[in-house]
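This is model.pdb. It holds PDB, C-alpha atoms, pLDDT in the B column.
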ATOM      1  CA  MET I 101      31.763  30.525 -71.406  1.00 74.00           C
ATOM      2  CA  LEU I 102      28.310  30.069 -72.921  1.00 78.00           C
ATOM      3  CA  LEU I 103      26.834  32.466 -70.364  1.00 79.00           C
ATOM      4  CA  ALA I 104      29.318  35.157 -71.400  1.00 84.00           C
ATOM      5  CA  LEU I 105      28.461  34.621 -75.074  1.00 87.00           C
ATOM      6  CA  ILE I 106      24.725  34.894 -74.360  1.00 85.00           C
ATOM      7  CA  GLN I 107      25.291  38.096 -72.366  1.00 86.00           C
ATOM      8  CA  ILE I 108      27.478  39.634 -75.083  1.00 92.00           C
ATOM      9  CA  ILE I 109      24.866  38.910 -77.750  1.00 91.00           C
ATOM     10  CA  GLY I 110      22.204  40.370 -75.445  1.00 88.00           C
ATOM     11  CA  TYR I 111      24.213  43.564 -74.999  1.00 92.00           C
ATOM     12  CA  LEU I 112      24.762  43.852 -78.749  1.00 94.00           C
ATOM     13  CA  VAL I 113      21.030  43.439 -79.360  1.00 93.00           C
ATOM     14  CA  THR I 114      20.333  46.220 -76.841  1.00 92.00           C
ATOM     15  CA  ILE I 115      22.903  48.511 -78.475  1.00 95.00           C
ATOM     16  CA  VAL I 116      21.522  47.935 -81.976  1.00 95.00           C
ATOM     17  CA  SER I 117      17.962  48.571 -80.725  1.00 94.00           C
ATOM     18  CA  THR I 118      19.109  51.843 -79.191  1.00 95.00           C
ATOM     19  CA  VAL I 119      20.849  52.869 -82.426  1.00 96.00           C
ATOM     20  CA  VAL I 120      17.639  52.146 -84.378  1.00 96.00           C
ATOM     21  CA  ILE I 121      15.662  54.381 -82.012  1.00 95.00           C
ATOM     22  CA  VAL I 122      18.271  57.157 -82.267  1.00 96.00           C
ATOM     23  CA  GLN I 123      18.148  56.953 -86.075  1.00 95.00           C
ATOM     24  CA  PHE I 124      14.354  57.119 -86.001  1.00 91.00           C
ATOM     25  CA  VAL I 125      14.330  60.189 -83.754  1.00 94.00           C
ATOM     26  CA  LEU I 126      16.995  61.879 -85.867  1.00 95.00           C
ATOM     27  CA  SER I 127      15.028  61.151 -89.045  1.00 91.00           C
ATOM     28  CA  LEU I 128      11.972  62.799 -87.488  1.00 89.00           C
ATOM     29  CA  LEU I 129      14.045  65.828 -86.501  1.00 93.00           C
ATOM     30  CA  ILE I 130      15.409  66.076 -90.033  1.00 93.00           C
ATOM     31  CA  THR I 131      11.970  65.601 -91.609  1.00 89.00           C
ATOM     32  CA  PHE I 132      10.382  68.355 -89.513  1.00 91.00           C
ATOM     33  CA  ASN I 133      13.356  70.722 -90.077  1.00 91.00           C
ATOM     34  CA  VAL I 134      14.359  70.837 -86.432  1.00 95.00           C
ATOM     35  CA  VAL I 135      17.895  69.959 -87.478  1.00 95.00           C
ATOM     36  CA  SER I 136      19.415  70.245 -90.929  1.00 94.00           C
ATOM     37  CA  LEU I 137      21.725  67.972 -92.860  1.00 94.00           C
ATOM     38  CA  SER I 138      23.641  71.074 -93.926  1.00 95.00           C
ATOM     39  CA  ASN I 139      25.098  71.021 -90.401  1.00 95.00           C
ATOM     40  CA  ASN I 140      28.262  68.904 -90.657  1.00 96.00           C
ATOM     41  CA  PHE I 141      27.791  67.327 -87.222  1.00 96.00           C
ATOM     42  CA  VAL I 142      24.218  66.227 -87.960  1.00 95.00           C
ATOM     43  CA  ALA I 143      25.205  64.981 -91.416  1.00 96.00           C
ATOM     44  CA  SER I 144      28.091  62.906 -90.037  1.00 97.00           C
ATOM     45  CA  ILE I 145      25.880  61.351 -87.346  1.00 96.00           C
ATOM     46  CA  TRP I 146      23.185  60.591 -89.944  1.00 96.00           C
ATOM     47  CA  GLN I 147      25.707  58.978 -92.304  1.00 97.00           C
ATOM     48  CA  SER I 148      27.239  56.947 -89.486  1.00 96.00           C
ATOM     49  CA  LEU I 149      23.869  55.653 -88.317  1.00 96.00           C
ATOM     50  CA  ASN I 150      22.925  54.714 -91.872  1.00 95.00           C
ATOM     51  CA  LEU I 151      26.232  52.899 -92.398  1.00 96.00           C
ATOM     52  CA  ILE I 152      25.624  50.879 -89.230  1.00 95.00           C
ATOM     53  CA  LEU I 153      21.972  50.053 -89.828  1.00 96.00           C
ATOM     54  CA  ASP I 154      21.629  49.730 -93.619  1.00 95.00           C
ATOM     55  CA  PRO I 155      23.082  46.187 -93.771  1.00 95.00           C
ATOM     56  CA  MET I 156      20.387  45.080 -91.308  1.00 95.00           C
ATOM     57  CA  LEU I 157      17.525  47.120 -92.758  1.00 94.00           C
ATOM     58  CA  LYS I 158      18.027  46.412 -96.499  1.00 95.00           C
ATOM     59  CA  PRO I 159      16.958  42.737 -96.331  1.00 95.00           C
ATOM     60  CA  ILE I 160      13.882  43.724 -94.333  1.00 95.00           C
ATOM     61  CA  ARG I 161      13.025  46.452 -96.854  1.00 92.00           C
ATOM     62  CA  LYS I 162      13.235  43.919 -99.688  1.00 93.00           C
ATOM     63  CA  ILE I 163      10.690  41.673 -97.965  1.00 94.00           C
ATOM     64  CA  MET I 164       8.318  44.393 -96.736  1.00 91.00           C
ATOM     65  CA  PRO I 165       5.692  45.793 -99.102  1.00 89.00           C
ATOM     66  CA  ASP I 166       6.086  49.413-100.198  1.00 83.00           C
ATOM     67  CA  THR I 167       4.071  51.593 -97.808  1.00 83.00           C
ATOM     68  CA  GLY I 168       4.863  54.933 -99.369  1.00 80.00           C
ATOM     69  CA  MET I 169       6.600  57.455 -97.175  1.00 80.00           C
ATOM     70  CA  ILE I 170       6.462  55.393 -93.970  1.00 83.00           C
ATOM     71  CA  ASP I 171       9.306  52.927 -93.486  1.00 85.00           C
ATOM     72  CA  PHE I 172       8.332  50.126 -91.124  1.00 91.00           C
ATOM     73  CA  SER I 173      11.631  48.246 -91.429  1.00 92.00           C
ATOM     74  CA  PRO I 174      13.121  49.742 -88.208  1.00 93.00           C
ATOM     75  CA  ILE I 175      10.080  48.530 -86.263  1.00 94.00           C
ATOM     76  CA  VAL I 176      10.439  45.048 -87.769  1.00 95.00           C
ATOM     77  CA  LEU I 177      14.160  45.074 -86.892  1.00 96.00           C
ATOM     78  CA  ILE I 178      13.464  46.067 -83.275  1.00 95.00           C
ATOM     79  CA  ILE I 179      10.790  43.358 -82.960  1.00 96.00           C
ATOM     80  CA  GLY I 180      13.204  40.787 -84.402  1.00 95.00           C
ATOM     81  CA  LEU I 181      15.953  41.886 -82.024  1.00 94.00           C
ATOM     82  CA  ARG I 182      13.605  41.653 -79.047  1.00 94.00           C
ATOM     83  CA  ILE I 183      12.597  38.137 -80.113  1.00 95.00           C
ATOM     84  CA  ILE I 184      16.281  37.174 -80.241  1.00 92.00           C
ATOM     85  CA  GLN I 185      16.740  38.663 -76.776  1.00 90.00           C
ATOM     86  CA  MET I 186      13.806  36.635 -75.420  1.00 91.00           C
ATOM     87  CA  LEU I 187      15.126  33.450 -77.012  1.00 92.00           C
ATOM     88  CA  LEU I 188      18.545  34.049 -75.477  1.00 88.00           C
ATOM     89  CA  GLY I 189      16.947  34.636 -72.081  1.00 86.00           C
ATOM     90  CA  GLY I 190      15.017  31.386 -72.411  1.00 89.00           C
ATOM     91  CA  LEU I 191      18.173  29.545 -73.449  1.00 86.00           C
ATOM     92  CA  TYR I 192      20.005  30.942 -70.453  1.00 84.00           C
ATOM     93  CA  SER I 193      17.268  29.955 -68.029  1.00 86.00           C
ATOM     94  CA  ASP I 194      17.054  26.448 -69.547  1.00 86.00           C
ATOM     95  CA  LEU I 195      20.797  26.005 -69.198  1.00 82.00           C
ATOM     96  CA  TYR I 196      20.729  27.376 -65.654  1.00 80.00           C
ATOM     97  CA  MET I 197      17.890  25.100 -64.571  1.00 85.00           C
ATOM     98  CA  SER I 198      19.535  22.036 -66.092  1.00 84.00           C
ATOM     99  CA  GLY I 199      22.704  22.775 -64.136  1.00 78.00           C
ATOM    100  CA  ALA I 200      24.849  23.183 -67.236  1.00 68.00           C
ATOM    101  CA  LEU I 201      26.024  26.615 -66.064  1.00 62.00           C
TER     102      LEU I 201
END

If you convert what's in this file into structure tokens, what do you get?
Amino acid sequence: MLLALIQIIGYLVTIVSTVVIVQFVLSLLITFNVVSLSNNFVASIWQSLNLILDPMLKPIRKIMPDTGMIDFSPIVLIIGLRIIQMLLGGLYSDLYMSGAL
């Protein structure tokens, strides 16, 4: 049961990391006018990504100093998610080695 929970959390961390990267790439495409928010499809994807990620990024943005036009909060979120993934992997290996699984 615990193994399944650790794996589910690991998958969720991977999915959120992927969504952060997709949002970053889309923001670059919007910034450099490769795609436009006047396109309904692009606008709906952008709004959806922001709705998913804003609850996780807002607390990080409050803590981070203002760096002008560059937003480092997605990088901090990805690093935090990777740390969680490593901790879960260590927990799994500790449980496996102790014979609890």

Find the residues near segment 162-174 of chain I: any atom within 10 Å, counting all atoms listed in the file, skip ones fewer than 3 places away on the same chain, and give them as a list in words. Ser117, Val120, Ile121, Gln123, Phe124, Leu153, Met156, Leu157, Lys158, Pro159, Leu177, Ile178, Ile179 and Gly180 of chain I

Store the residues of this selection in a file with C-alpha atoms, as a PDB file, keeping the file's coordinate frame.
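out_24.pdb was written with the following content:
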ATOM      1  CA  SER I 117      17.962  48.571 -80.725  1.00 94.00           C
ATOM      2  CA  VAL I 120      17.639  52.146 -84.378  1.00 96.00           C
ATOM      3  CA  ILE I 121      15.662  54.381 -82.012  1.00 95.00           C
ATOM      4  CA  GLN I 123      18.148  56.953 -86.075  1.00 95.00           C
ATOM      5  CA  PHE I 124      14.354  57.119 -86.001  1.00 91.00           C
ATOM      6  CA  LEU I 153      21.972  50.053 -89.828  1.00 96.00           C
ATOM      7  CA  MET I 156      20.387  45.080 -91.308  1.00 95.00           C
ATOM      8  CA  LEU I 157      17.525  47.120 -92.758  1.00 94.00           C
ATOM      9  CA  LYS I 158      18.027  46.412 -96.499  1.00 95.00           C
ATOM     10  CA  PRO I 159      16.958  42.737 -96.331  1.00 95.00           C
ATOM     11  CA  LEU I 177      14.160  45.074 -86.892  1.00 96.00           C
ATOM     12  CA  ILE I 178      13.464  46.067 -83.275  1.00 95.00           C
ATOM     13  CA  ILE I 179      10.790  43.358 -82.960  1.00 96.00           C
ATOM     14  CA  GLY I 180      13.204  40.787 -84.402  1.00 95.00           C
TER      15      GLY I 180
END

Residue by residue, what does the PyMOL selection byres ((chain I and resi 106) around 12) grab here? Present the result as a PDB file with C-alpha atoms, in the frame of the given file.
ATOM      1  CA  MET I 101      31.763  30.525 -71.406  1.00 74.00           C
ATOM      2  CA  LEU I 102      28.310  30.069 -72.921  1.00 78.00           C
ATOM      3  CA  LEU I 103      26.834  32.466 -70.364  1.00 79.00           C
ATOM      4  CA  ALA I 104      29.318  35.157 -71.400  1.00 84.00           C
ATOM      5  CA  LEU I 105      28.461  34.621 -75.074  1.00 87.00           C
ATOM      6  CA  GLN I 107      25.291  38.096 -72.366  1.00 86.00           C
ATOM      7  CA  ILE I 108      27.478  39.634 -75.083  1.00 92.00           C
ATOM      8  CA  ILE I 109      24.866  38.910 -77.750  1.00 91.00           C
ATOM      9  CA  GLY I 110      22.204  40.370 -75.445  1.00 88.00           C
ATOM     10  CA  TYR I 111      24.213  43.564 -74.999  1.00 92.00           C
ATOM     11  CA  LEU I 112      24.762  43.852 -78.749  1.00 94.00           C
ATOM     12  CA  VAL I 113      21.030  43.439 -79.360  1.00 93.00           C
ATOM     13  CA  ILE I 184      16.281  37.174 -80.241  1.00 92.00           C
ATOM     14  CA  GLN I 185      16.740  38.663 -76.776  1.00 90.00           C
ATOM     15  CA  MET I 186      13.806  36.635 -75.420  1.00 91.00           C
ATOM     16  CA  LEU I 187      15.126  33.450 -77.012  1.00 92.00           C
ATOM     17  CA  LEU I 188      18.545  34.049 -75.477  1.00 88.00           C
ATOM     18  CA  GLY I 189      16.947  34.636 -72.081  1.00 86.00           C
ATOM     19  CA  GLY I 190      15.017  31.386 -72.411  1.00 89.00           C
ATOM     20  CA  LEU I 191      18.173  29.545 -73.449  1.00 86.00           C
ATOM     21  CA  TYR I 192      20.005  30.942 -70.453  1.00 84.00           C
ATOM     22  CA  SER I 193      17.268  29.955 -68.029  1.00 86.00           C
ATOM     23  CA  LEU I 195      20.797  26.005 -69.198  1.00 82.00           C
ATOM     24  CA  LEU I 201      26.024  26.615 -66.064  1.00 62.00           C
TER      25      LEU I 201
END

Any chance you could work out the axis-aligned box around segment 188-194 of chain I, listed atoms only, 3 Å on each side, giving centre and edge lengths in Å to one decimal, as lines of an AutoDock Vina configuration file?
center_x = 17.5
center_y = 30.5
center_z = -71.8
size_x = 11.0
size_y = 14.2
size_z = 13.4

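Atom CA of Leu126 of chain I lies 7.5 Å from atom CA of Trp146 of chain I.
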
Atomic distance atom CA of Asn133 of chain I - atom CA of Asn150 of chain I, expressed in Å with one decimal: 18.7 Å

Rounded to one decimal, what separation in Å do you get between atom CA of Asn140 of chain I and atom CA of Thr114 of chain I?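 Distance between the two atoms: 27.7 Å.
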